[in-house]
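Notes for the one structure printed next.
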Amino acid sequence: MRLTERCLRLAYRAGARLFYGSGANADWIYEKVQRPRNVGVLALNFLYYYLRRPKIGGIVSLILEPVSGCNLRCTYCRGKMDLEGRRPYLMSWETFCRAIDTAPRSVESVALCAFGEPLLHPRICDMIDYIRASGRRVVLYSNCTLLTGERLDQLAKTDLSVLSVSIEPDAETSRKYRGVDLDEIRRNVETFARLMQPETEIKLSIVAHPGNIDRIDKAADAWRPLVEHVKVGAMVGFDGAGHTGQCAEPWRGNIVVFSNGKVSPCCVDLYADLVIGDVNESSLSDMIRAPEFARLLDRFIHGPVPDLCARCGEFAAPGVPAKAPRRPHRRRKASP
Ligand code: SF4
């Protein structure tokens, strides 16, 4: 491991403990931020968050939604909800290029996922090539059930940075919560691993929920040495938990572009309730400096929070990093 990588990983482990209450997110942060300059951007974001300022230092990562639908219906996933008629099933090539071309230079990684299975997009490999040509890393989140045949061969030829395999920890939970055969997924991933480019890395991505929390550690052991890193994220629900407070999500340095080009600062905003603009109409760089975004951030700081946030809650368990920590609102000073 290079010295810079070692230093960044150590720093992220300490930062993740401080911010998320667990060092487990350190690799996730490293996946998104590797340019030393962007460490400053992240630090500025967190400073603004702690000082309760309605602005951000910048964004370092994009989350794009190439497809707003999935071939699976996992019991805990918001992607199973019906998006038909709300936005296009496939992101158009023009919208995709607008998102990449208007992203600030600070964006160094692009995740292909949001609320759908990216391998359903017929031009997914072209998207990966385009992002790589712009000098950014690409992380593709996939359930890997479609990682077969020609699609697999084409994906293996791309310069993909990370294939993040979204699974349940074992065969039983895979059948129960995802309705899929984990052995079949494993075979697909093993075939991909034999053909992929030397720089591509494979990781696991697991959503922690009450039905699998005691099995997650075993998954990491079962997938070695094929996989070194396992990303664990908490299940997020919208059951009217009555949450208030300042959620850290918009200060984390990510921005989401949905299949229709609408932009949100939150990666669980399924129905695009927190939209701050549209890449087809303005640039991402302008959007994050616009008054609309500042007004939204101000609601996070002082309240009232948007309805979606008031209903948002995540599964909590020891060792599972909070996706977006929250803290009490700041009271507004009474006007004289
Ligand atoms: S409270 Fe929930 S919905 Fe709102 S920004 Fe945070 S994570 Fe997203």
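Each chain in the structure tokens gets a letter, A, B, ..., in the order shown, and its residues are numbered from 1; ligands are numbered from 1 in order too.
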Test item: residues at most 12 Å from Arg2 of chain A, only C-alpha atoms, excluding those fewer than 6 positions along its chain, as a list in words: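 The neighbour list is Leu8, Arg9 and Gln34 of chain A.
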* Which residues form the shell of 8 Å around ligand 1 when you count only C-alpha atoms and all ligand atoms, given as a PyMOL selection string? -> chain A and resi 236+243-244+246-250+265-269+274+305-306+308-313+323-324+326
Nearest residue to Val39 of chain A from the set A:Gly253, A:Gly277, A:Gly85, A:Gly245 (distances using only C-alpha atoms) |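 Residue with the minimum atom-to-atom distance to Val39 of chain A: A:Gly253.
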**Request:** Between A:His329, A:His302, A:His229, A:Lys262, single out the one closest to Arg87 of chain A, counting only C-alpha atoms.
**Result:**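 Among the listed residues, A:Lys262 lies closest to Arg87 of chain A.
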_Which residue is closest to Arg137 of chain A? Choose from A:Glu65, A:Cys70, A:Tyr76, A:Tyr30 and count only C-alpha atoms._
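Of all the options, A:Tyr30 lies closest to Arg137 of chain A.
The shortest atom-to-atom distance to Gly237 of chain A, with only C-alpha atoms taken into account, belongs to A:Cys77 out of A:Cys77, A:Ala156, A:Val107, A:Leu47.
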If I take atom CA of Tyr141 of chain A and atom CA of Arg327 of chain A, how far is one from the other in Å, to one decimal?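 Computing it gives 29.8 Å between the two atoms.
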Considering only C-alpha atoms, tabulate each residue of segment 14-40 of chain A that lies at most 12 Å from segment 52-58 of chain A along with its nearest interatomic pair and the corresponding distance in Å to one decimal; arrange the rows by chain and ascending residue number and present them as a Markdown table.
| residue | atom | partner | partner_atom | distance |
| --- | --- | --- | --- | --- |
| A:Arg37 | CA | A:Gly58 | CA | 11.4 |
| A:Asn38 | CA | A:Gly58 | CA | 8.8 |
| A:Val39 | CA | A:Gly58 | CA | 10.8 |
| A:Gly40 | CA | A:Gly57 | CA | 8.6 |
Inset, instruction - Within segment 1-200 of chain A, find each residue whose DSSP state, derived from the backbone, is strand (DSSP E), and express the selection as a ChimeraX atom specification. - result: /A:61-64,109-112,137-142,162-166
- Message: Between atom CA of Lys231 of chain A and atom CA of Lys218 of chain A, what distance in Å does the model show, to one decimal?
- Response: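 One can read the atom CA of Lys231 of chain A to atom CA of Lys218 of chain A distance as 13.5 Å.
Restricting the calculation to only C-alpha atoms, the smallest distance between Ser92 of chain A and any of A:Ala272, A:Ala317, A:Ile124, A:Leu155 is found for A:Ile124.
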Give me the residues within 9 Å of Ala16 of chain A as a PyMOL selection string, counting only C-alpha atoms and dropping any in the same chain fewer than 4 places off. chain A and resi 11-12+20-26+29+321
Exercise for review: Would you list, as a ChimeraX atom specification, the residues of segment 133-285 of chain A that end up in helix (DSSP H, G or I) under DSSP run on this structure's backbone?
Suggested key: /A:133,149-157,171-178,182-195,216-222,249-251,284-285
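You can rank A:Val165, A:Cys97, A:Arg17, A:Thr102 by their closest distance to Leu119 of chain A using only C-alpha atoms, and at the top of that list sits A:Val165.
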Computed gap from atom CA of Ala14 of chain A to atom CA of Phe46 of chain A is 13.9 Å
Skip Gly233 of chain A itself and residues of its chain fewer than 2 positions away, then list as a ChimeraX atom specification all residues within 8 Å of it, counting only C-alpha atoms. /A:205-208,231,235,320-323
Could you pull the residues within 10 Å of segment 145-150 of chain A, counting only C-alpha atoms, minus those fewer than 5 positions along the same chain, as a PyMOL selection string? chain A and resi 71-72+117-120+155-156+165-166+180-182+184-189+191-192
Residues near Asn260 of chain A, cut-off 12 Å, only C-alpha atoms, skip fewer than 2 positions along chain, as a tab-separated table (two decimals) with N, CA and C atoms, in the first residue's frame:
chain	number	residue	atom	x	y	z
A	64	LEU	N	-25.24	8.68	-9.90
A	64	LEU	CA	-26.11	8.76	-11.07
A	64	LEU	C	-27.06	7.58	-11.10
A	65	GLU	N	-28.26	7.85	-11.63
A	65	GLU	CA	-29.28	6.79	-11.75
A	65	GLU	C	-29.47	6.46	-13.23
A	66	PRO	N	-28.70	5.52	-13.77
A	66	PRO	CA	-28.87	5.18	-15.19
A	66	PRO	C	-30.23	4.55	-15.47
A	67	VAL	N	-30.76	3.81	-14.46
A	67	VAL	CA	-32.05	3.11	-14.64
A	67	VAL	C	-32.88	3.34	-13.38
A	68	SER	N	-34.16	3.72	-13.56
A	68	SER	CA	-35.01	3.93	-12.38
A	68	SER	C	-35.93	2.73	-12.19
A	83	LEU	N	-41.77	3.54	-9.69
A	83	LEU	CA	-41.36	4.85	-10.20
A	83	LEU	C	-41.93	5.10	-11.60
A	85	GLY	N	-43.81	6.29	-14.61
A	85	GLY	CA	-44.59	7.52	-14.82
A	85	GLY	C	-44.02	8.71	-14.06
A	86	ARG	N	-43.15	8.45	-13.09
A	86	ARG	CA	-42.56	9.57	-12.34
A	86	ARG	C	-41.32	10.11	-13.02
A	87	ARG	N	-40.52	9.22	-13.61
A	87	ARG	CA	-39.35	9.65	-14.36
A	87	ARG	C	-38.97	8.54	-15.34
A	88	PRO	N	-38.17	8.85	-16.36
A	88	PRO	CA	-37.87	7.84	-17.37
A	88	PRO	C	-37.20	6.61	-16.77
A	89	TYR	N	-37.48	5.48	-17.38
A	89	TYR	CA	-36.86	4.23	-16.92
A	89	TYR	C	-35.35	4.29	-17.17
A	90	LEU	N	-34.96	4.81	-18.34
A	90	LEU	CA	-33.54	4.91	-18.67
A	90	LEU	C	-33.11	6.37	-18.74
A	91	MET	N	-31.96	6.67	-18.16
A	91	MET	CA	-31.39	8.02	-18.32
A	91	MET	C	-30.94	8.17	-19.78
A	92	SER	N	-31.29	9.31	-20.39
A	92	SER	CA	-30.88	9.51	-21.78
A	92	SER	C	-29.38	9.79	-21.83
A	93	TRP	N	-28.81	9.56	-22.99
A	93	TRP	CA	-27.37	9.80	-23.16
A	93	TRP	C	-27.07	11.29	-22.98
A	94	GLU	N	-27.98	12.16	-23.44
A	94	GLU	CA	-27.76	13.61	-23.33
A	94	GLU	C	-27.74	14.04	-21.86
A	95	THR	N	-28.71	13.53	-21.10
A	95	THR	CA	-28.76	13.90	-19.67
A	95	THR	C	-27.50	13.40	-18.96
A	96	PHE	N	-27.12	12.17	-19.29
A	96	PHE	CA	-25.91	11.60	-18.68
A	96	PHE	C	-24.69	12.50	-18.95
A	98	ARG	N	-24.63	15.65	-19.77
A	98	ARG	CA	-24.77	16.94	-19.08
A	98	ARG	C	-24.30	16.81	-17.63
A	99	ALA	N	-24.70	15.71	-16.99
A	99	ALA	CA	-24.31	15.52	-15.58
A	99	ALA	C	-22.79	15.44	-15.45
A	256	VAL	N	-26.92	13.64	-6.04
A	256	VAL	CA	-27.58	12.58	-6.81
A	256	VAL	C	-28.23	13.17	-8.06
A	257	VAL	N	-28.04	12.51	-9.21
A	257	VAL	CA	-28.74	12.92	-10.43
A	257	VAL	C	-29.64	11.77	-10.85
A	258	PHE	N	-30.95	12.03	-10.83
A	258	PHE	CA	-31.92	10.98	-11.19
A	258	PHE	C	-31.98	10.80	-12.70
A	262	LYS	N	-33.04	15.46	-12.72
A	262	LYS	CA	-33.26	16.23	-11.48
A	262	LYS	C	-32.17	15.87	-10.47
A	263	VAL	N	-31.85	16.86	-9.64
A	263	VAL	CA	-30.71	16.72	-8.74
A	263	VAL	C	-31.16	16.86	-7.28
A	264	SER	N	-30.66	15.98	-6.44
A	264	SER	CA	-31.01	16.01	-5.01
A	264	SER	C	-29.75	15.81	-4.18
A	271	TYR	N	-38.51	9.74	-4.36
A	271	TYR	CA	-39.45	10.46	-5.21
A	271	TYR	C	-38.99	11.90	-5.50
A	272	ALA	N	-37.72	12.16	-5.31
A	272	ALA	CA	-37.13	13.45	-5.64
A	272	ALA	C	-37.87	14.60	-4.94
A	275	VAL	N	-35.43	18.20	-4.50
A	275	VAL	CA	-34.75	18.61	-5.74
A	275	VAL	C	-34.24	20.05	-5.67
A	277	GLY	N	-32.49	21.29	-8.57
A	277	GLY	CA	-32.29	21.72	-9.95
A	277	GLY	C	-32.34	20.56	-10.92
A	278	ASP	N	-31.98	20.86	-12.16
A	278	ASP	CA	-32.07	19.88	-13.24
A	278	ASP	C	-30.83	20.07	-14.13
A	279	VAL	N	-30.07	19.01	-14.33
A	279	VAL	CA	-28.84	19.16	-15.13
A	279	VAL	C	-29.13	19.55	-16.58
A	280	ASN	N	-30.37	19.32	-17.03
A	280	ASN	CA	-30.72	19.71	-18.40
A	280	ASN	C	-30.92	21.22	-18.52
A	281	GLU	N	-31.05	21.89	-17.37
A	281	GLU	CA	-31.29	23.33	-17.39
A	281	GLU	C	-30.14	24.17	-16.84
